[in-house]
$ cat target.cif   # mmCIF, C-alpha atoms and all ligand atoms
data_coords
#
loop_
_atom_site.label_atom_id
_atom_site.label_comp_id
_atom_site.auth_asym_id
_atom_site.auth_seq_id
_atom_site.Cartn_x
_atom_site.Cartn_y
_atom_site.Cartn_z
CA MET S 1 82.97 125.40 90.06
CA ALA S 2 84.70 122.86 92.27
CA GLU S 3 86.87 120.19 90.79
CA ALA S 4 84.91 117.22 89.40
CA SER S 5 86.12 114.73 92.00
CA VAL S 6 85.06 117.14 94.80
CA GLN S 7 81.60 117.44 93.29
CA LEU S 8 81.37 113.66 92.95
CA ALA S 9 82.50 113.16 96.56
CA GLU S 10 79.79 115.59 97.70
CA LEU S 11 77.08 113.74 95.79
CA ILE S 12 78.30 110.42 97.20
CA GLY S 13 78.33 111.91 100.69
CA GLN S 14 74.65 112.87 100.31
CA ALA S 15 73.50 109.57 98.77
CA ARG S 16 71.48 106.96 100.63
CA SER S 17 71.59 104.34 97.90
CA LEU S 18 74.53 104.55 95.55
CA VAL S 19 74.64 102.17 92.61
CA ALA S 20 77.70 102.02 90.35
CA PHE S 21 77.31 100.76 86.82
CA THR S 22 80.55 99.86 85.05
CA GLY S 23 81.55 99.14 81.46
CA ALA S 24 84.70 98.23 79.60
CA GLY S 25 86.18 101.69 80.28
CA VAL S 26 86.72 100.93 83.96
CA SER S 27 89.14 98.15 82.94
CA THR S 28 91.13 99.85 80.19
CA GLU S 29 93.58 101.16 82.80
CA SER S 30 94.18 97.49 83.68
CA GLY S 31 95.21 96.85 80.08
CA ILE S 32 92.00 95.34 78.70
CA PRO S 33 90.99 97.25 75.56
CA ASP S 34 87.40 98.47 75.39
CA PHE S 35 85.01 97.53 72.67
CA ARG S 36 85.34 100.62 70.52
CA SER S 37 89.04 101.42 70.63
CA PRO S 38 90.31 101.89 67.05
CA GLY S 39 91.91 98.77 65.61
CA GLY S 40 90.84 96.99 68.79
CA LEU S 41 90.85 93.24 68.95
CA TRP S 42 87.07 93.17 69.13
CA SER S 43 86.75 94.61 65.63
CA ARG S 44 89.00 92.00 64.04
CA TYR S 45 86.25 89.39 63.91
CA ARG S 46 82.56 89.52 63.28
CA PRO S 47 81.04 88.24 66.51
CA VAL S 48 79.61 84.70 66.43
CA THR S 49 76.01 84.90 67.65
CA PHE S 50 74.63 82.37 70.09
CA GLN S 51 72.31 81.00 67.40
CA GLU S 52 75.25 80.49 65.01
CA PHE S 53 77.23 78.79 67.77
CA LEU S 54 74.37 76.32 68.30
CA ALA S 55 73.71 75.80 64.60
CA SER S 56 77.07 75.25 62.94
CA HIS S 57 80.35 73.47 63.50
CA GLU S 58 82.23 76.19 61.57
CA ALA S 59 80.80 78.88 63.84
CA ARG S 60 81.92 76.94 66.94
CA VAL S 61 85.41 76.49 65.50
CA SER S 62 85.61 80.18 64.68
CA TYR S 63 84.29 81.13 68.13
CA TRP S 64 86.95 79.11 69.93
CA SER S 65 89.82 80.24 67.69
CA ARG S 66 88.84 83.84 68.39
CA TYR S 67 88.75 83.00 72.08
CA LEU S 68 92.23 81.57 71.89
CA ASP S 69 93.37 84.88 70.44
CA MET S 70 91.72 86.92 73.19
CA HIS S 71 92.72 84.73 76.08
CA PRO S 72 96.06 86.49 76.74
CA VAL S 73 94.26 89.85 77.07
CA PHE S 74 92.35 88.63 80.12
CA SER S 75 95.17 86.58 81.66
CA GLY S 76 97.08 87.96 84.63
CA VAL S 77 95.29 91.33 84.62
CA GLN S 78 95.14 93.29 87.87
CA PRO S 79 92.55 95.74 89.18
CA ASN S 80 93.30 99.47 88.83
CA PRO S 81 92.50 102.38 91.19
CA GLY S 82 88.94 102.58 89.79
CA HIS S 83 88.16 99.04 90.95
CA TYR S 84 89.87 99.65 94.30
CA ALA S 85 87.89 102.87 94.78
CA LEU S 86 84.59 101.03 94.36
CA ALA S 87 85.72 98.35 96.82
CA GLU S 88 86.61 101.15 99.27
CA LEU S 89 83.16 102.75 98.86
CA GLU S 90 81.68 99.39 99.84
CA ARG S 91 83.94 99.22 102.93
CA GLN S 92 82.76 102.69 103.89
CA GLY S 93 79.18 101.41 103.71
CA ARG S 94 78.33 103.79 100.88
CA LEU S 95 77.67 101.37 98.03
CA THR S 96 74.52 99.32 97.45
CA ALA S 97 75.74 97.45 94.38
CA VAL S 98 78.08 97.42 91.40
CA ILE S 99 76.28 96.44 88.22
CA THR S 100 78.89 95.51 85.64
CA GLN S 101 78.90 94.72 81.94
CA ASN S 102 82.45 93.47 82.29
CA VAL S 103 83.39 89.83 82.21
CA ASP S 104 86.87 90.19 83.72
CA GLY S 105 86.11 89.66 87.43
CA LEU S 106 88.27 92.66 88.41
CA HIS S 107 85.75 94.16 90.85
CA GLN S 108 85.92 91.07 93.03
CA ALA S 109 89.70 90.89 92.57
CA ALA S 110 89.85 94.43 94.03
CA GLY S 111 87.85 93.40 97.09
CA SER S 112 84.22 94.07 96.16
CA SER S 113 82.15 91.31 97.71
CA GLU S 114 80.62 88.69 95.47
CA ASP S 115 77.10 89.59 96.62
CA LYS S 116 77.52 93.30 95.80
CA VAL S 117 78.64 92.68 92.22
CA ILE S 118 75.91 92.03 89.66
CA GLU S 119 77.42 90.60 86.48
CA LEU S 120 75.15 91.15 83.49
CA HIS S 121 77.38 89.60 80.84
CA GLY S 122 78.84 86.65 82.71
CA ARG S 123 82.46 85.71 83.32
CA VAL S 124 85.31 84.92 80.98
CA ASP S 125 87.30 82.80 83.43
CA VAL S 126 84.54 80.19 83.75
CA THR S 127 83.51 77.76 81.00
CA ARG S 128 80.24 75.85 81.15
CA CYS S 129 78.62 72.95 79.32
CA LEU S 130 75.55 74.23 77.48
CA ASP S 131 73.71 70.96 78.15
CA CYS S 132 74.40 69.89 81.74
CA GLY S 133 75.98 72.99 83.24
CA TYR S 134 79.24 71.26 84.20
CA THR S 135 81.77 74.00 84.83
CA LEU S 136 85.54 74.23 84.44
CA ARG S 137 88.08 77.05 84.62
CA THR S 138 88.45 78.53 81.14
CA ASN S 139 92.22 78.10 81.51
CA GLU S 140 91.80 74.33 81.54
CA VAL S 141 89.57 74.34 78.48
CA ILE S 142 91.89 76.70 76.58
CA GLU S 143 94.71 74.22 77.11
CA ARG S 144 92.68 71.68 75.16
CA VAL S 145 92.15 74.18 72.34
CA GLN S 146 95.86 74.99 72.34
CA ALA S 147 96.52 71.26 72.06
CA GLY S 148 94.42 71.12 68.88
CA VAL S 149 90.84 70.44 69.99
CA GLU S 150 88.74 72.63 67.69
CA VAL S 151 85.52 72.56 69.71
CA PRO S 152 85.95 71.39 73.32
CA VAL S 153 83.13 69.27 74.72
CA CYS S 154 81.93 68.40 78.21
CA ASP S 155 83.69 65.58 80.08
CA ARG S 156 80.39 64.49 81.61
CA CYS S 157 77.86 64.56 78.76
CA GLY S 158 79.63 65.49 75.53
CA GLY S 159 77.72 68.80 75.25
CA TRP S 160 79.45 71.89 73.89
CA PHE S 161 81.58 73.93 76.21
CA LYS S 162 81.26 77.70 75.96
CA PRO S 163 82.83 80.38 78.15
CA ALA S 164 80.23 81.73 80.57
CA THR S 165 79.98 85.10 78.84
CA ILE S 166 76.82 86.31 77.16
CA SER S 167 77.04 86.24 73.38
CA PHE S 168 75.03 88.37 70.99
CA GLY S 169 71.63 86.71 70.69
CA GLN S 170 71.89 85.07 74.11
CA SER S 171 69.60 86.29 76.90
CA LEU S 172 71.05 87.96 79.94
CA PRO S 173 70.96 85.95 83.18
CA ALA S 174 67.45 86.66 84.48
CA GLU S 175 68.37 86.80 88.14
CA ALA S 176 71.18 89.31 87.57
CA LEU S 177 68.98 91.48 85.35
CA ASP S 178 66.14 91.43 87.92
CA ARG S 179 68.50 92.47 90.69
CA ALA S 180 70.03 95.18 88.50
CA ILE S 181 66.56 96.59 87.78
CA GLU S 182 65.64 96.44 91.47
CA VAL S 183 68.73 98.27 92.77
CA SER S 184 68.63 100.84 89.93
CA THR S 185 64.99 101.63 90.65
CA ALA S 186 65.71 102.05 94.36
CA SER S 187 68.91 104.07 93.94
CA ASP S 188 69.13 107.80 94.61
CA LEU S 189 72.57 108.16 93.00
CA PHE S 190 73.47 106.21 89.88
CA LEU S 191 77.09 106.41 88.81
CA ALA S 192 77.80 105.20 85.26
CA ILE S 193 81.53 104.61 84.76
CA GLY S 194 83.39 103.75 81.56
CA SER S 195 80.43 102.72 79.49
CA SER S 196 79.36 104.05 76.11
CA LEU S 197 75.80 103.33 77.35
CA THR S 198 74.86 101.82 74.00
CA VAL S 199 74.58 98.06 74.66
CA HIS S 200 71.01 97.15 75.56
CA PRO S 201 69.28 96.16 77.78
CA ALA S 202 72.05 97.11 80.19
CA ALA S 203 72.19 100.66 78.88
CA ALA S 204 68.54 101.20 79.82
CA LEU S 205 69.40 101.13 83.52
CA PRO S 206 70.54 104.78 83.88
CA GLY S 207 67.21 105.88 82.35
CA LEU S 208 65.33 103.65 84.74
CA ALA S 209 67.17 105.11 87.73
CA LEU S 210 66.48 108.65 86.48
CA ARG S 211 62.75 108.00 86.05
CA HIS S 212 62.64 106.80 89.65
CA GLY S 213 64.21 109.99 90.94
CA ALA S 214 67.92 109.17 91.11
CA ARG S 215 70.65 111.63 90.32
CA LEU S 216 72.80 110.45 87.43
CA VAL S 217 76.56 110.92 87.24
CA ILE S 218 78.42 109.91 84.09
CA LEU S 219 82.15 109.37 84.30
CA ASN S 220 83.49 108.47 80.87
CA ALA S 221 86.35 109.30 78.53
CA MET S 222 83.94 110.29 75.75
CA PRO S 223 80.48 111.90 75.57
CA THR S 224 77.46 109.57 75.79
CA ASP S 225 73.84 109.98 74.68
CA TYR S 226 72.81 110.30 78.33
CA ASP S 227 75.03 113.30 79.10
CA GLN S 228 72.24 115.84 78.66
CA ASN S 229 70.18 114.07 81.35
CA ALA S 230 72.99 113.76 83.88
CA HIS S 231 73.37 115.87 87.02
CA LEU S 232 77.12 115.69 86.63
CA VAL S 233 79.20 114.66 83.61
CA ILE S 234 82.89 114.03 84.21
CA GLN S 235 85.05 113.45 81.17
CA GLY S 236 88.31 111.71 81.97
CA ARG S 237 90.00 108.55 83.15
CA SER S 238 87.92 106.70 85.69
CA GLY S 239 90.86 105.30 87.70
CA SER S 240 92.43 108.63 88.57
CA ILE S 241 89.13 110.47 89.08
CA LEU S 242 87.73 107.79 91.40
CA ALA S 243 91.03 107.69 93.31
CA ASP S 244 90.78 111.49 93.89
CA THR S 245 87.15 111.13 94.91
CA ILE S 246 88.10 108.56 97.56
CA LYS S 247 90.70 110.97 98.96
CA HIS S 248 88.01 113.62 99.38
CA LEU S 249 85.87 111.04 101.21
CA GLY S 250 88.72 110.27 103.59
CA GLY S 251 89.35 106.73 102.35
CA SER S 252 92.39 104.82 101.21
CA LEU S 253 93.05 102.69 98.17
CA THR S 254 95.34 100.15 99.78
CA PRO S 255 94.37 96.76 98.39
CA HIS S 256 92.90 94.63 101.23
P1 LIG J 301 82.27 100.27 75.33
O1 LIG J 301 83.56 99.79 74.74
O2 LIG J 301 81.09 100.39 74.47
O3 LIG J 301 82.49 101.68 76.01
C1 LIG J 301 83.57 101.91 76.86
C2 LIG J 301 83.58 103.39 77.16
O4 LIG J 301 84.60 103.62 78.13
C3 LIG J 301 83.91 104.24 75.94
O5 LIG J 301 82.93 105.25 75.78
C4 LIG J 301 85.29 104.87 76.28
O6 LIG J 301 85.36 106.21 75.89
C5 LIG J 301 85.29 104.79 77.79
N1 LIG J 301 86.62 104.66 78.41
C6 LIG J 301 87.69 103.98 77.97
N2 LIG J 301 88.71 104.07 78.87
C7 LIG J 301 88.23 104.83 79.89
C8 LIG J 301 88.79 105.28 81.12
N3 LIG J 301 90.05 104.98 81.48
N4 LIG J 301 88.03 106.04 81.93
C9 LIG J 301 86.74 106.36 81.59
N5 LIG J 301 86.18 105.96 80.45
C10 LIG J 301 86.91 105.20 79.61
O7 LIG J 301 82.02 99.34 76.56
P2 LIG J 301 80.70 98.86 77.22
O8 LIG J 301 79.75 100.01 77.29
O9 LIG J 301 81.08 98.19 78.46
O10 LIG J 301 80.14 97.78 76.18
C11 LIG J 301 80.98 96.84 75.55
C12 LIG J 301 80.62 95.39 75.79
O11 LIG J 301 81.76 94.57 75.57
C13 LIG J 301 80.21 95.13 77.19
O12 LIG J 301 78.94 94.63 77.12
C14 LIG J 301 81.17 94.10 77.78
O13 LIG J 301 80.47 92.93 78.13
C15 LIG J 301 82.12 93.74 76.68
N6 LIG J 301 83.52 94.00 77.05
C16 LIG J 301 84.00 93.66 78.29
C17 LIG J 301 85.31 93.96 78.66
C18 LIG J 301 85.82 93.60 80.04
O14 LIG J 301 85.27 92.71 80.70
N7 LIG J 301 86.83 94.30 80.57
C19 LIG J 301 86.15 94.60 77.76
C20 LIG J 301 85.64 94.93 76.48
C21 LIG J 301 84.31 94.63 76.15
ZN ZN J 302 77.73 68.44 80.02
#

$ encode --input "target.cif" --output "structure tokens" --more "lines below"
Ligand code: NAD
Ligand code: ZN
Amino acid sequence: MAEASVQLAELIGQARSLVAFTGAGVSTESGIPDFRSPGGLWSRYRPVTFQEFLASHEARVSYWSRYLDMHPVFSGVQPNPGHYALAELERQGRLTAVITQNVDGLHQAAGSSEDKVIELHGRVDVTRCLDCGYTLRTNEVIERVQAGVEVPVCDRCGGWFKPATISFGQSLPAEALDRAIEVSTASDLFLAIGSSLTVHPAAALPGLALRHGARLVILNAMPTDYDQNAHLVIQGRSGSILADTIKHLGGSLTPH
């Protein structure tokens, strides 16, 4: 049996519509912990649901203090070879879309074009007023929290500011979800990278692609519930495996 990255390169070479679907695992090699790493920062707090955020001052205070804690994790991070490999696949004309559950913006930072990246869970670097939609860089809003503001509010209307990520209990952006469903349905190769494939509705997309005839490849550090349905399961680190795959496809990973 050929090496996994050779097999992946062959499948990519044969594909007419390749869709990549990425989770937190694609960014761990950039230093952002994934959701389920033991003792990870995500497990330190019970998540504040969207309904709690709307309903109670205490919940909003707790939400922002947790955010203050997490802010350094997302600051100054750089893409890793996995992100660069996906940007290279786009340059080679081989990639229809990257659907991502990540909120870190690293696909675009690696050179994937804005219109190829479908963000299902929003963006951490943007903060928006829940009432009027006024938007600021999260950095600016965090400065106010660091200066002692417990719950930052909108400069225009006084509404509550919240980072533009999707909280538990908050619906996914409809347009992004529609596009994700459309490209998954039309894909003939669906490549799930660094996702435990457990967070719904996003995790339903590989099944959707399969039912519409796509081949499924799962590249993840740990087994997933979808492994038995996949055409190829690669267990390992996504950055190094995708970098090898690009070599077999004759590409380069030089950041552009
Ligand atoms: P998850 O934490 O549930 O699963 C990540 C998977 O990636 C795990 O199965 C792990 O084994 C695997 N993994 C870790 N490092 C890897 C590597 N180097 N190569 C290959 N696989 C690796 O993540 P999820 O499925 O994305 O769901 C968690 C939710 O939390 C997401 O919805 C996301 O919005 C949010 N989140 C985002 C970020 C980010 O933006 N970078 C980080 C953490 C969590
Ligand atoms: Zn406002």

$ closest_residue --input "target.cif" --among "S:Ala87, S:Cys157, S:Ala164, S:Leu197" --to "Thr254 of chain S" --atoms "all atoms listed in the file"
S:Ala87

$ residues_near_ligand --input "target.cif" --ligand "ligand ZN 302 (chain J)" --cutoff "10 Å" --atoms "only C-alpha atoms and all ligand atoms" --output "PDB file with C-alpha atoms, in the frame of the given file"
ATOM      1  CA  ARG S 128      80.240  75.850  81.150  1.00  0.00           C
ATOM      2  CA  CYS S 129      78.620  72.950  79.320  1.00  0.00           C
ATOM      3  CA  LEU S 130      75.550  74.230  77.480  1.00  0.00           C
ATOM      4  CA  ASP S 131      73.710  70.960  78.150  1.00  0.00           C
ATOM      5  CA  CYS S 132      74.400  69.890  81.740  1.00  0.00           C
ATOM      6  CA  GLY S 133      75.980  72.990  83.240  1.00  0.00           C
ATOM      7  CA  TYR S 134      79.240  71.260  84.200  1.00  0.00           C
ATOM      8  CA  THR S 135      81.770  74.000  84.830  1.00  0.00           C
ATOM      9  CA  VAL S 153      83.130  69.270  74.720  1.00  0.00           C
ATOM     10  CA  CYS S 154      81.930  68.400  78.210  1.00  0.00           C
ATOM     11  CA  ASP S 155      83.690  65.580  80.080  1.00  0.00           C
ATOM     12  CA  ARG S 156      80.390  64.490  81.610  1.00  0.00           C
ATOM     13  CA  CYS S 157      77.860  64.560  78.760  1.00  0.00           C
ATOM     14  CA  GLY S 158      79.630  65.490  75.530  1.00  0.00           C
ATOM     15  CA  GLY S 159      77.720  68.800  75.250  1.00  0.00           C
ATOM     16  CA  TRP S 160      79.450  71.890  73.890  1.00  0.00           C
ATOM     17  CA  PHE S 161      81.580  73.930  76.210  1.00  0.00           C
TER      18      PHE S 161
END

$ closest_residue --input "target.cif" --among "S:Leu253, S:Ala97, S:Ala214, S:Ala85" --to "Ser187 of chain S" --atoms "all atoms listed in the file"
S:Ala214

$ residues_near_ligand --input "target.cif" --ligand "ligand LIG 301 (chain J)" --cutoff "6 Å" --atoms "all atoms listed in the file" --output "list in words"
Gly23, Ala24, Gly25, Val26, Ser27, Thr28, Glu29, Ile32, Pro33, Asp34, Phe35, Arg36, Gln101, Asn102, Val103, Asp104, His121, Gly194, Ser195, Ser196, Leu197, Val199, Asn220, Ala221, Met222, Gly236, Arg237 and Ser238 of chain S

$ residues_near_point --input "target.cif" --point "(69.8, 112.8, 98.7)" --cutoff "12 Å" --atoms "only C-alpha atoms" --output "VMD selection string"
chain S and resid 10 to 18 187 to 190 213 to 216

$ residues_around --input "target.cif" --residues "Ser65 of chain S" --least-positions-apart "5" --cutoff "9 Å" --atoms "only C-alpha atoms" --output "ChimeraX atom specification"
/S:60,70,145,150

$ closest_residue --input "target.cif" --among "S:Gln108, S:Ser30, S:Asn139, S:Gln235" --to "Gln78 of chain S" --atoms "all atoms listed in the file"
S:Ser30

$ closest_residue --input "target.cif" --among "S:Gln146, S:Asn229, S:Gln7, S:Gln51" --to "Ile166 of chain S" --atoms "only C-alpha atoms"
S:Gln51

$ atom_distance --input "target.cif" --atom1 "atom CA of Ala174 of chain S" --atom2 "atom CA of Thr224 of chain S"
26.5 Å

$ atom_distance --input "target.cif" --atom1 "atom CA of Thr49 of chain S" --atom2 "atom CA of Glu114 of chain S"
28.5 Å

$ closest_residue --input "target.cif" --among "S:Ile218, S:Ala110, S:Val61, S:Leu172" --to "Pro201 of chain S" --atoms "all atoms listed in the file"
S:Leu172

$ closest_residue --input "target.cif" --among "S:Asp69, S:Asp115, S:Asp125, S:Phe168" --to "Phe50 of chain S" --atoms "only C-alpha atoms"
S:Phe168

$ build_atoms --input "target.cif" --residues "segment 58-75 of chain S" --atoms "N, CA and C atoms" --output "short mmCIF file (atom, residue, chain, number, x, y, z; two decimals), in the frame of the given file"
data_model
loop_
_atom_site.label_atom_id
_atom_site.label_comp_id
_atom_site.auth_asym_id
_atom_site.auth_seq_id
_atom_site.Cartn_x
_atom_site.Cartn_y
_atom_site.Cartn_z
N GLU S 58 81.28 75.14 61.97
CA GLU S 58 82.23 76.19 61.57
C GLU S 58 82.17 77.38 62.53
N ALA S 59 80.96 77.74 62.93
CA ALA S 59 80.80 78.88 63.84
C ALA S 59 81.46 78.56 65.19
N ARG S 60 81.32 77.31 65.65
CA ARG S 60 81.92 76.94 66.94
C ARG S 60 83.44 76.95 66.83
N VAL S 61 83.96 76.48 65.71
CA VAL S 61 85.41 76.49 65.50
C VAL S 61 85.91 77.94 65.50
N SER S 62 85.19 78.80 64.78
CA SER S 62 85.61 80.18 64.68
C SER S 62 85.50 80.88 66.04
N TYR S 63 84.46 80.56 66.79
CA TYR S 63 84.29 81.13 68.13
C TYR S 63 85.49 80.79 69.02
N TRP S 64 85.87 79.52 69.03
CA TRP S 64 86.95 79.11 69.93
C TRP S 64 88.32 79.62 69.45
N SER S 65 88.50 79.76 68.14
CA SER S 65 89.82 80.24 67.69
C SER S 65 89.94 81.73 68.03
N ARG S 66 88.84 82.45 67.97
CA ARG S 66 88.84 83.84 68.39
C ARG S 66 89.13 83.93 69.90
N TYR S 67 88.54 83.01 70.64
CA TYR S 67 88.75 83.00 72.08
C TYR S 67 90.21 82.77 72.45
N LEU S 68 90.82 81.88 71.68
CA LEU S 68 92.23 81.57 71.89
C LEU S 68 93.07 82.84 71.71
N ASP S 69 92.69 83.63 70.73
CA ASP S 69 93.37 84.88 70.44
C ASP S 69 93.20 85.90 71.56
N MET S 70 92.02 85.92 72.16
CA MET S 70 91.72 86.92 73.19
C MET S 70 92.18 86.53 74.57
N HIS S 71 92.42 85.25 74.74
CA HIS S 71 92.72 84.73 76.08
C HIS S 71 93.85 85.49 76.78
N PRO S 72 94.97 85.80 76.07
CA PRO S 72 96.06 86.49 76.74
C PRO S 72 95.67 87.87 77.28
N VAL S 73 94.68 88.51 76.63
CA VAL S 73 94.26 89.85 77.07
C VAL S 73 93.69 89.81 78.49
N PHE S 74 93.00 88.72 78.82
CA PHE S 74 92.35 88.63 80.12
C PHE S 74 93.21 87.90 81.17
N SER S 75 94.37 87.37 80.73
CA SER S 75 95.17 86.58 81.66
C SER S 75 96.10 87.48 82.47
#
